[in-house]
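Trainee: Structure supplied as start05.cif; contents: mmCIF, C-alpha atoms.
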```cif
data_data
loop_
_atom_site.label_atom_id
_atom_site.label_comp_id
_atom_site.auth_asym_id
_atom_site.auth_seq_id
_atom_site.Cartn_x
_atom_site.Cartn_y
_atom_site.Cartn_z
CA MET V 1 11.16 -57.98 -17.62
CA ILE V 2 13.05 -61.07 -16.52
CA ASN V 3 15.54 -62.55 -18.95
CA ASP V 4 15.62 -66.27 -18.14
CA LEU V 5 18.95 -66.98 -19.84
CA LEU V 6 20.70 -64.22 -17.86
CA ILE V 7 19.18 -65.26 -14.54
CA GLU V 8 19.95 -68.97 -15.06
CA ASN V 9 23.53 -68.07 -15.95
CA ILE V 10 24.29 -65.95 -12.89
CA ASP V 11 22.04 -67.59 -10.31
CA GLU V 12 22.02 -71.30 -11.07
CA ASP V 13 21.14 -72.16 -7.46
CA GLY V 14 18.09 -69.86 -7.46
CA GLN V 15 19.18 -67.50 -4.69
CA PHE V 16 17.47 -64.41 -6.17
CA SER V 17 13.89 -63.58 -5.19
CA LYS V 18 11.49 -62.73 -8.03
CA THR V 19 11.89 -59.02 -7.18
CA GLN V 20 15.68 -59.32 -7.26
CA GLN V 21 15.51 -61.10 -10.63
CA GLU V 22 13.48 -58.20 -12.02
CA GLU V 23 15.76 -55.56 -10.52
CA PHE V 24 18.89 -57.39 -11.72
CA CYS V 25 17.63 -57.60 -15.30
CA ALA V 26 16.50 -53.96 -15.32
CA TYR V 27 20.15 -52.81 -15.12
CA PHE V 28 20.92 -54.34 -18.52
CA GLN V 29 20.26 -52.78 -21.93
CA GLN V 30 19.76 -55.03 -24.95
CA LYS V 31 21.76 -54.29 -28.08
CA THR V 32 21.64 -55.89 -31.53
CA ILE V 33 24.95 -56.18 -33.35
CA THR V 34 24.98 -57.07 -37.00
CA LYS V 35 27.54 -59.48 -38.47
CA LYS V 36 31.10 -58.06 -38.69
CA THR V 37 30.21 -55.01 -36.55
CA PHE V 38 32.52 -54.15 -33.67
CA LEU V 39 31.13 -54.06 -30.12
CA LEU V 40 34.54 -52.73 -29.00
CA GLU V 41 37.53 -51.50 -30.98
CA GLN V 42 41.17 -51.54 -29.88
CA GLY V 43 41.98 -48.12 -28.37
CA GLU V 44 38.46 -47.47 -27.00
CA VAL V 45 37.75 -47.71 -23.26
CA CYS V 46 35.39 -50.60 -22.46
CA LYS V 47 32.59 -49.08 -20.39
CA TRP V 48 30.34 -52.12 -20.05
CA GLU V 49 30.16 -55.76 -19.14
CA GLY V 50 28.26 -57.83 -21.68
CA PHE V 51 26.28 -61.06 -21.74
CA VAL V 52 25.62 -62.80 -25.06
CA LEU V 53 21.93 -63.61 -25.64
CA ASP V 54 22.40 -64.82 -29.18
CA GLY V 55 25.11 -65.11 -31.81
CA CYS V 56 28.86 -65.20 -31.38
CA PHE V 57 31.76 -62.79 -30.99
CA ARG V 58 35.47 -63.02 -31.74
CA ILE V 59 37.88 -61.28 -29.39
CA PHE V 60 41.22 -60.45 -31.00
CA THR V 61 44.19 -58.09 -30.98
CA ILE V 62 46.00 -56.60 -33.94
CA ASP V 63 49.76 -56.54 -33.41
CA LYS V 64 52.19 -53.90 -34.66
CA ASN V 65 52.71 -55.87 -37.89
CA GLY V 66 48.97 -55.79 -38.59
CA ASN V 67 48.40 -59.46 -37.76
CA GLU V 68 45.17 -60.49 -36.07
CA ASN V 69 45.58 -62.73 -33.01
CA THR V 70 42.37 -64.31 -31.77
CA LEU V 71 42.26 -64.67 -27.99
CA TYR V 72 38.90 -66.30 -27.58
CA PHE V 73 35.28 -66.45 -28.68
CA ALA V 74 32.10 -65.64 -26.77
CA ALA V 75 28.90 -67.43 -27.79
CA LYS V 76 25.36 -67.48 -26.40
CA ASN V 77 25.28 -67.60 -22.58
CA TRP V 78 28.84 -66.27 -22.20
CA TRP V 79 30.02 -63.02 -20.61
CA LEU V 80 32.31 -60.73 -22.54
CA MET V 81 34.20 -57.50 -21.99
CA ASP V 82 37.74 -56.19 -21.80
CA ILE V 83 38.09 -56.53 -18.05
CA ASP V 84 41.48 -54.76 -18.03
CA SER V 85 40.09 -51.71 -19.83
CA PHE V 86 36.84 -51.82 -17.80
CA MET V 87 38.55 -51.99 -14.39
CA ASN V 88 41.47 -49.70 -15.10
CA HIS V 89 39.74 -47.17 -17.40
CA LYS V 90 42.45 -47.63 -20.01
CA PRO V 91 42.26 -47.95 -23.81
CA SER V 92 41.53 -51.52 -24.80
CA ASP V 93 44.04 -53.88 -26.44
CA LEU V 94 41.11 -55.89 -27.77
CA ASN V 95 38.64 -55.89 -30.63
CA ILE V 96 35.29 -57.55 -30.06
CA GLN V 97 33.53 -58.27 -33.35
CA ALA V 98 30.28 -60.11 -34.12
CA LEU V 99 30.87 -63.25 -36.21
CA GLU V 100 27.15 -63.26 -37.08
CA ASP V 101 24.06 -61.19 -36.23
CA SER V 102 24.08 -61.18 -32.43
CA LYS V 103 22.26 -59.85 -29.38
CA VAL V 104 23.89 -58.80 -26.12
CA LEU V 105 22.83 -57.38 -22.78
CA LEU V 106 25.13 -54.61 -21.56
CA ILE V 107 25.51 -53.13 -18.08
CA SER V 108 27.48 -49.94 -17.44
CA GLN V 109 30.17 -49.68 -14.78
CA LYS V 110 28.02 -47.26 -12.72
CA ASP V 111 25.01 -49.58 -12.83
CA LYS V 112 27.18 -52.57 -11.94
CA LEU V 113 28.33 -50.82 -8.77
CA THR V 114 24.73 -49.81 -7.91
CA LEU V 115 23.65 -53.41 -8.51
CA TYR V 116 26.22 -54.76 -6.03
CA GLU V 117 24.93 -52.31 -3.41
CA SER V 118 21.24 -52.97 -3.93
CA ILE V 119 21.45 -56.77 -4.41
CA PRO V 120 24.21 -57.92 -2.03
CA ILE V 121 23.90 -61.58 -3.09
CA ALA V 122 25.19 -60.45 -6.52
CA GLU V 123 28.66 -59.99 -4.97
CA LYS V 124 28.81 -63.70 -4.25
CA LEU V 125 27.39 -64.73 -7.62
CA PHE V 126 29.86 -62.57 -9.57
CA ARG V 127 32.71 -63.68 -7.26
CA VAL V 128 31.89 -67.28 -8.22
CA MET V 129 31.51 -66.33 -11.90
CA PHE V 130 34.93 -64.66 -11.91
CA GLN V 131 36.43 -67.77 -10.25
CA LYS V 132 34.96 -69.90 -13.06
CA SER V 133 36.42 -67.49 -15.55
CA ILE V 134 39.90 -67.93 -14.01
CA VAL V 135 39.43 -71.71 -14.25
CA ALA V 136 38.77 -71.30 -17.99
CA TRP V 137 41.89 -69.08 -18.45
CA GLN V 138 44.04 -71.53 -16.48
CA ARG V 139 42.81 -74.51 -18.52
CA ARG V 140 43.57 -72.60 -21.71
CA LEU V 141 47.12 -71.86 -20.54
CA VAL V 142 47.68 -75.48 -19.45
CA ARG V 143 46.51 -76.66 -22.89
CA ASN V 144 48.71 -74.10 -24.67
CA HIS V 145 51.72 -75.36 -22.76
CA SER V 146 51.09 -79.10 -22.71
CA LEU V 147 49.26 -79.98 -25.94
CA THR V 148 50.52 -79.98 -29.51
CA ALA V 149 48.80 -77.74 -32.08
CA LYS V 150 47.05 -80.84 -33.49
CA GLU V 151 45.75 -81.79 -30.03
CA ARG V 152 44.63 -78.19 -29.37
CA TYR V 153 42.73 -78.14 -32.67
CA ALA V 154 41.05 -81.49 -31.86
CA HIS V 155 40.13 -80.18 -28.38
CA PHE V 156 38.69 -76.96 -29.84
CA ILE V 157 36.46 -78.57 -32.47
CA GLY V 158 35.44 -81.28 -29.97
CA SER V 159 34.54 -78.83 -27.18
CA TYR V 160 33.08 -75.98 -29.23
CA PRO V 161 31.76 -77.49 -32.47
CA GLU V 162 29.20 -74.72 -32.97
CA ILE V 163 31.76 -71.94 -32.67
CA ALA V 164 34.31 -73.83 -34.78
CA SER V 165 31.73 -74.26 -37.55
CA LYS V 166 31.26 -70.47 -37.85
CA LEU V 167 34.97 -69.71 -38.41
CA THR V 168 37.14 -69.24 -41.44
CA ASP V 169 40.39 -71.23 -41.43
CA ARG V 170 42.26 -67.97 -40.94
CA GLN V 171 40.28 -67.21 -37.76
CA THR V 172 40.81 -70.75 -36.43
CA SER V 173 44.55 -70.65 -37.08
CA SER V 174 44.89 -67.22 -35.43
CA TYR V 175 43.13 -68.67 -32.33
CA LEU V 176 45.44 -71.70 -32.23
CA GLY V 177 48.50 -69.51 -32.74
CA ILE V 178 49.62 -71.39 -35.85
CA THR V 179 49.91 -70.52 -39.52
CA HIS V 180 47.11 -71.04 -41.99
CA GLU V 181 49.29 -73.58 -43.83
CA PHE V 182 49.95 -75.59 -40.67
CA LEU V 183 46.21 -75.73 -39.92
CA SER V 184 45.56 -77.14 -43.42
CA LYS V 185 48.19 -79.83 -42.75
CA ILE V 186 46.58 -80.72 -39.37
CA LYS V 187 43.11 -80.91 -40.91
CA LYS V 188 44.39 -83.25 -43.64
CA GLN V 189 46.11 -85.49 -41.07
CA LEU V 190 42.92 -85.72 -38.98
CA GLN V 191 40.83 -86.60 -42.05
CA ILE V 192 43.20 -89.42 -43.00
CA GLN V 193 43.22 -91.05 -39.54
CA MET K 1 47.30 -61.90 15.37
CA ILE K 2 47.00 -59.53 12.43
CA ASN K 3 49.23 -60.17 9.43
CA ASP K 4 49.79 -56.72 7.89
CA LEU K 5 50.91 -58.02 4.47
CA LEU K 6 47.78 -60.15 4.10
CA ILE K 7 45.42 -57.37 5.22
CA GLU K 8 47.05 -54.76 2.98
CA ASN K 9 46.80 -57.15 0.04
CA ILE K 10 43.11 -57.95 0.35
CA ASP K 11 41.79 -54.72 1.86
CA GLU K 12 43.81 -51.90 0.33
CA ASP K 13 40.99 -49.40 0.94
CA GLY K 14 40.83 -50.24 4.67
CA GLN K 15 37.23 -51.49 4.76
CA PHE K 16 37.84 -54.08 7.52
CA SER K 17 37.39 -53.10 11.16
CA LYS K 18 40.17 -54.11 13.58
CA THR K 19 38.00 -57.03 14.77
CA GLN K 20 37.40 -58.16 11.17
CA GLN K 21 41.14 -57.97 10.45
CA GLU K 22 41.80 -60.26 13.42
CA GLU K 23 39.03 -62.67 12.48
CA PHE K 24 40.13 -62.75 8.83
CA CYS K 25 43.73 -63.59 9.71
CA ALA K 26 42.68 -66.24 12.24
CA TYR K 27 41.32 -68.42 9.39
CA PHE K 28 44.81 -68.81 7.90
CA GLN K 29 47.51 -71.27 8.99
CA GLN K 30 51.16 -70.42 8.38
CA LYS K 31 53.35 -73.03 6.72
CA THR K 32 57.08 -73.04 6.02
CA ILE K 33 58.18 -74.73 2.80
CA THR K 34 61.82 -75.49 2.24
CA LYS K 35 63.49 -74.97 -1.14
CA LYS K 36 62.45 -77.52 -3.82
CA THR K 37 59.60 -78.89 -1.66
CA PHE K 38 56.19 -79.25 -3.29
CA LEU K 39 53.21 -77.40 -1.82
CA LEU K 40 51.02 -79.27 -4.34
CA GLU K 41 51.77 -82.18 -6.66
CA GLN K 42 50.05 -82.99 -9.95
CA GLY K 43 47.28 -85.55 -9.22
CA GLU K 44 46.51 -84.28 -5.69
CA VAL K 45 43.34 -82.30 -4.97
CA CYS K 46 44.12 -78.70 -3.96
CA LYS K 47 42.25 -78.15 -0.69
CA TRP K 48 43.48 -74.65 0.15
CA GLU K 49 43.98 -71.14 -1.13
CA GLY K 50 47.43 -69.77 -0.35
CA PHE K 51 49.04 -66.37 0.13
CA VAL K 52 52.82 -66.02 -0.14
CA LEU K 53 54.40 -64.26 2.87
CA ASP K 54 57.95 -64.85 1.79
CA GLY K 55 59.90 -66.67 -0.90
CA CYS K 56 58.78 -67.73 -4.36
CA PHE K 57 56.96 -70.63 -6.01
CA ARG K 58 56.98 -72.06 -9.52
CA ILE K 59 53.71 -73.43 -10.90
CA PHE K 60 54.21 -75.96 -13.67
CA THR K 61 52.74 -79.00 -15.41
CA ILE K 62 54.55 -82.11 -16.59
CA ASP K 63 53.25 -83.28 -19.98
CA LYS K 64 52.96 -86.86 -21.17
CA ASN K 65 56.50 -86.72 -22.61
CA GLY K 66 57.87 -85.75 -19.20
CA ASN K 67 58.55 -82.12 -20.15
CA GLU K 68 58.03 -79.40 -17.53
CA ASN K 69 55.96 -76.43 -18.67
CA THR K 70 56.06 -73.44 -16.33
CA LEU K 71 52.75 -71.56 -16.21
CA TYR K 72 53.66 -68.81 -13.78
CA PHE K 73 55.45 -67.86 -10.59
CA ALA K 74 54.07 -66.63 -7.28
CA ALA K 75 56.29 -64.42 -5.14
CA LYS K 76 55.75 -62.54 -1.86
CA ASN K 77 52.33 -60.85 -1.67
CA TRP K 78 50.77 -63.09 -4.35
CA TRP K 79 47.95 -65.58 -4.03
CA LEU K 80 48.42 -69.12 -5.28
CA MET K 81 46.36 -72.28 -5.66
CA ASP K 82 45.02 -74.56 -8.35
CA ILE K 83 41.63 -72.87 -8.61
CA ASP K 84 40.30 -75.56 -11.01
CA SER K 85 41.14 -78.36 -8.56
CA PHE K 86 40.00 -76.29 -5.54
CA MET K 87 36.61 -75.37 -7.03
CA ASN K 88 35.85 -78.62 -8.79
CA HIS K 89 37.41 -81.07 -6.28
CA LYS K 90 39.38 -82.71 -9.06
CA PRO K 91 43.01 -83.92 -9.19
CA SER K 92 45.32 -81.06 -10.03
CA ASP K 93 47.14 -80.63 -13.37
CA LEU K 94 49.68 -78.45 -11.57
CA ASN K 95 52.79 -78.74 -9.46
CA ILE K 96 53.53 -75.91 -7.03
CA GLN K 97 57.15 -76.03 -5.88
CA ALA K 98 59.19 -73.64 -3.71
CA LEU K 99 62.08 -72.06 -5.61
CA GLU K 100 63.64 -71.08 -2.27
CA ASP K 101 62.76 -71.38 1.43
CA SER K 102 59.29 -69.86 1.60
CA LYS K 103 56.41 -69.07 3.92
CA VAL K 104 52.72 -69.21 3.03
CA LEU K 105 49.39 -68.66 4.72
CA LEU K 106 46.81 -71.31 3.80
CA ILE K 107 43.05 -71.28 4.23
CA SER K 108 40.92 -74.41 3.77
CA GLN K 109 37.85 -74.51 1.56
CA LYS K 110 35.57 -74.94 4.59
CA ASP K 111 37.11 -71.96 6.40
CA LYS K 112 36.90 -69.85 3.24
CA LEU K 113 33.15 -70.43 3.06
CA THR K 114 32.74 -69.66 6.79
CA LEU K 115 34.80 -66.49 6.27
CA TYR K 116 32.48 -65.24 3.51
CA GLU K 117 29.49 -65.77 5.81
CA SER K 118 30.96 -64.12 8.87
CA ILE K 119 32.70 -61.19 7.10
CA PRO K 120 30.36 -60.25 4.24
CA ILE K 121 32.69 -57.49 2.96
CA ALA K 122 35.16 -60.29 2.10
CA GLU K 123 32.86 -61.28 -0.81
CA LYS K 124 33.49 -57.91 -2.43
CA LEU K 125 37.23 -57.92 -1.71
CA PHE K 126 37.72 -61.39 -3.18
CA ARG K 127 35.42 -60.54 -6.10
CA VAL K 128 37.74 -57.61 -6.89
CA MET K 129 40.83 -59.78 -6.32
CA PHE K 130 39.55 -62.40 -8.76
CA GLN K 131 38.84 -59.65 -11.32
CA LYS K 132 42.44 -58.47 -10.97
CA SER K 133 43.57 -62.04 -11.45
CA ILE K 134 41.60 -62.27 -14.71
CA VAL K 135 43.27 -59.03 -15.85
CA ALA K 136 46.67 -60.66 -15.25
CA TRP K 137 45.67 -63.81 -17.20
CA GLN K 138 44.30 -61.71 -20.06
CA ARG K 139 47.47 -59.60 -20.25
CA ARG K 140 49.54 -62.78 -20.31
CA LEU K 141 47.49 -64.19 -23.19
CA VAL K 142 47.67 -60.89 -25.12
CA ARG K 143 51.48 -60.90 -24.70
CA ASN K 144 51.75 -64.55 -25.74
CA HIS K 145 49.82 -63.78 -28.91
CA SER K 146 51.23 -60.39 -29.86
CA LEU K 147 54.86 -60.32 -28.71
CA THR K 148 57.86 -62.22 -30.03
CA ALA K 149 59.78 -64.53 -27.67
CA LYS K 150 62.50 -61.88 -27.39
CA GLU K 151 59.95 -59.21 -26.44
CA ARG K 152 58.32 -61.58 -23.92
CA TYR K 153 61.69 -62.29 -22.33
CA ALA K 154 62.48 -58.55 -22.12
CA HIS K 155 59.04 -57.90 -20.57
CA PHE K 156 59.52 -60.70 -18.03
CA ILE K 157 62.96 -59.63 -16.78
CA GLY K 158 61.85 -55.96 -16.83
CA SER K 159 58.62 -56.57 -14.87
CA TYR K 160 59.79 -59.27 -12.46
CA PRO K 161 63.55 -58.86 -12.05
CA GLU K 162 63.54 -60.49 -8.59
CA ILE K 163 61.75 -63.62 -9.80
CA ALA K 164 63.83 -63.79 -12.99
CA SER K 165 67.05 -63.65 -10.93
CA LYS K 166 66.06 -66.79 -9.00
CA LEU K 167 65.53 -68.96 -12.10
CA THR K 168 67.68 -71.35 -14.03
CA ASP K 169 67.72 -70.83 -17.80
CA ARG K 170 65.74 -74.04 -18.16
CA GLN K 171 62.96 -72.68 -15.89
CA THR K 172 62.89 -69.36 -17.75
CA SER K 173 62.69 -71.04 -21.16
CA SER K 174 59.90 -73.37 -19.99
CA TYR K 175 57.96 -70.26 -18.84
CA LEU K 176 58.46 -68.49 -22.17
CA GLY K 177 57.51 -71.63 -24.08
CA ILE K 178 60.79 -71.70 -26.02
CA THR K 179 63.77 -74.04 -26.11
CA HIS K 180 66.77 -73.60 -23.88
CA GLU K 181 68.91 -72.99 -26.96
CA PHE K 182 66.61 -70.26 -28.26
CA LEU K 183 66.74 -68.51 -24.87
CA SER K 184 70.55 -68.49 -25.00
CA LYS K 185 70.37 -66.90 -28.46
CA ILE K 186 67.94 -64.21 -27.22
CA LYS K 187 70.12 -63.43 -24.19
CA LYS K 188 73.18 -63.04 -26.43
CA GLN K 189 71.27 -60.72 -28.79
CA LEU K 190 70.09 -58.55 -25.87
CA GLN K 191 73.64 -58.31 -24.46
CA ILE K 192 75.00 -57.14 -27.81
CA GLN K 193 72.40 -54.41 -28.27
#
```
Take the structure in this file and express it as structure tokens.
Mentor:
Amino acid sequence: MINDLLIENIDEDGQFSKTQQEEFCAYFQQKTITKKTFLLEQGEVCKWEGFVLDGCFRIFTIDKNGNENTLYFAAKNWWLMDIDSFMNHKPSDLNIQALEDSKVLLISQKDKLTLYESIPIAEKLFRVMFQKSIVAWQRRLVRNHSLTAKERYAHFIGSYPEIASKLTDRQTSSYLGITHEFLSKIKKQLQIQ
Amino acid sequence: MINDLLIENIDEDGQFSKTQQEEFCAYFQQKTITKKTFLLEQGEVCKWEGFVLDGCFRIFTIDKNGNENTLYFAAKNWWLMDIDSFMNHKPSDLNIQALEDSKVLLISQKDKLTLYESIPIAEKLFRVMFQKSIVAWQRRLVRNHSLTAKERYAHFIGSYPEIASKLTDRQTSSYLGITHEFLSKIKKQLQIQ
């Protein structure tokens, strides 16, 4: 069965034939994750690449003092995994937790390799997808270095209003790398202006 | 002419034939960059992907207050470009400056696309290279969120002693995202221990 969201995401220029679309989708298994459930826990090896069909996930680490540090979020139409753990078969530094009831499509490492062999055009499409992913990481780092916390907050709620609306203040502040108190101050300042 | 460093970097499993190695290398132009010269300046469009043969580069942004923020460094055997500018044909947010006399191999966007068509295995090799690059970005973000400035400094000089030795304290502090004064304090603490 063809999943339109998945196909549109990976093959926006329509390079797959109908048969390739069907074969591509057949490698993925759908999984339902209820709110607050972990798709991956720190210390586990990540054995899949995931694509979010519905819902939203928070990706975070817990440091040695027990503090949660949110790295990013993955909403509908986004890919998610711990690529370091997946590629290097090492225990993950990340937790991936559903912020709400969610649905994902997962593909195992073995099936991903088979997919590349049987649908050669997939190499190009994932190469481009990984390039886009690096663009997103680079933009994030540029923002972290060149914007103030207030500007980063304004950018986040402006760019991802749906994700921002699902978060507690504690989750938002752990994503921005600021204290809960500082976030309250920023929110007050933005309301006044 | 085959450049061994370039071939070993991209094709560590030896999947290229001799002819493919020669063809691959022929797409790249060598360029010598003297110390302090810019390979890319903020506002320019990045029209190439680069591979460092020798020397070292600093990649940084200048924010609206005129402060330099160092994002990363690229030494011998590393790839470098502004992937956001390169992919999206937009003016770059980055400056790429030689820290010392350096040599790079550059490939244009047009030649890169021709390369993928004429050497299909290159799709896979660059797909894997981009995955490794995402791993590096992810590790950087995890460190930024979960380590203290002192731990990040210790990790940096432990992992990249050669790069660290080429830097002024101001460049190191702008990479760690801390003030020059705070770096001096950390260095004193580490000497005492």
Trainee: May I ask which of the residues K:Ile157, K:Ile121, K:Leu115, K:Leu39 is the closest one to chain V, counting all atoms listed in the file?
Mentor: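 Nearest candidate to chain V out of K:Ile157, K:Ile121, K:Leu115, K:Leu39: K:Ile121.
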Trainee: Using only C-alpha atoms, I'd like every residue of chain K that has an atom within 10 Å of chain V; please write them out as a PyMOL selection string.
Mentor: chain K and resi 60-65+67-72+82-88+93-94+116+120-147+174-177
Trainee: Restricting the calculation to all atoms listed in the file, which member of V:Asp54, V:Glu12, V:Asp169, V:Glu49 is positioned closest to V:Lys110?
Mentor: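 Smallest distance to V:Lys110 is found for V:Glu49.
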Trainee: Show which residues sit within 12 Å of K:Thr19, as a PyMOL selection string. Count all atoms listed in the file, and ignore same-chain residues fewer than 4 positions away.
Mentor: chain K and resi 1-2+15+23-26+118-119
Trainee: When you count all atoms listed in the file, which of these residues is closest to K:Lys187: K:His155, K:Lys150, K:Lys36, K:Lys166?
Mentor: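 For K:Lys187, the nearest of the given residues is K:Lys150.
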Trainee: Any idea what the distance is between atom CA of K:Met81 and atom CA of K:Glu117?
Mentor: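 A separation of 21.4 Å between them.
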Trainee: Would you pick out the contacts of K:Trp48 at 6 Å or less, using all atoms listed in the file, so that residues sharing its chain but fewer than 3 positions from it are not included, and give the list as a list in words?
Mentor: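 Residues meeting the cut-off are Leu106, Ile107, Ser108 and Gln109 of chain K.
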Trainee: Suppose you want the space between atom CA of K:Gln97 and atom CA of K:Lys35; what is it in Å?
Mentor: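 Computing it gives 8.0 Å between the two atoms.
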Trainee: Name the residues in contact with K:Leu167 at a cut-off of 10 Å, using only C-alpha atoms, excluding same-chain residues fewer than 6 positions from it; report them as a PyMOL selection string.
Mentor: chain K and resi 58+99+173
Trainee: Please produce a file of those selected residues containing C-alpha atoms, as a short mmCIF file (atom, residue, chain, number, x, y, z; two decimals), keeping the file's coordinate frame.
Mentor:
```cif
data_model
loop_
_atom_site.label_atom_id
_atom_site.label_comp_id
_atom_site.auth_asym_id
_atom_site.auth_seq_id
_atom_site.Cartn_x
_atom_site.Cartn_y
_atom_site.Cartn_z
CA ARG K 58 56.98 -72.06 -9.52
CA LEU K 99 62.08 -72.06 -5.61
CA SER K 173 62.69 -71.04 -21.16
#
```
Trainee: Between V:Trp79, V:Phe38, V:Tyr153, V:Phe73, which is the closest to V:Leu53 once you count all atoms listed in the file?
Mentor: V:Trp79
Trainee: Any idea what the distance is between atom CA of V:Glu41 and atom CA of V:Leu5?
Mentor: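 Computing it gives 26.6 Å between the two atoms.
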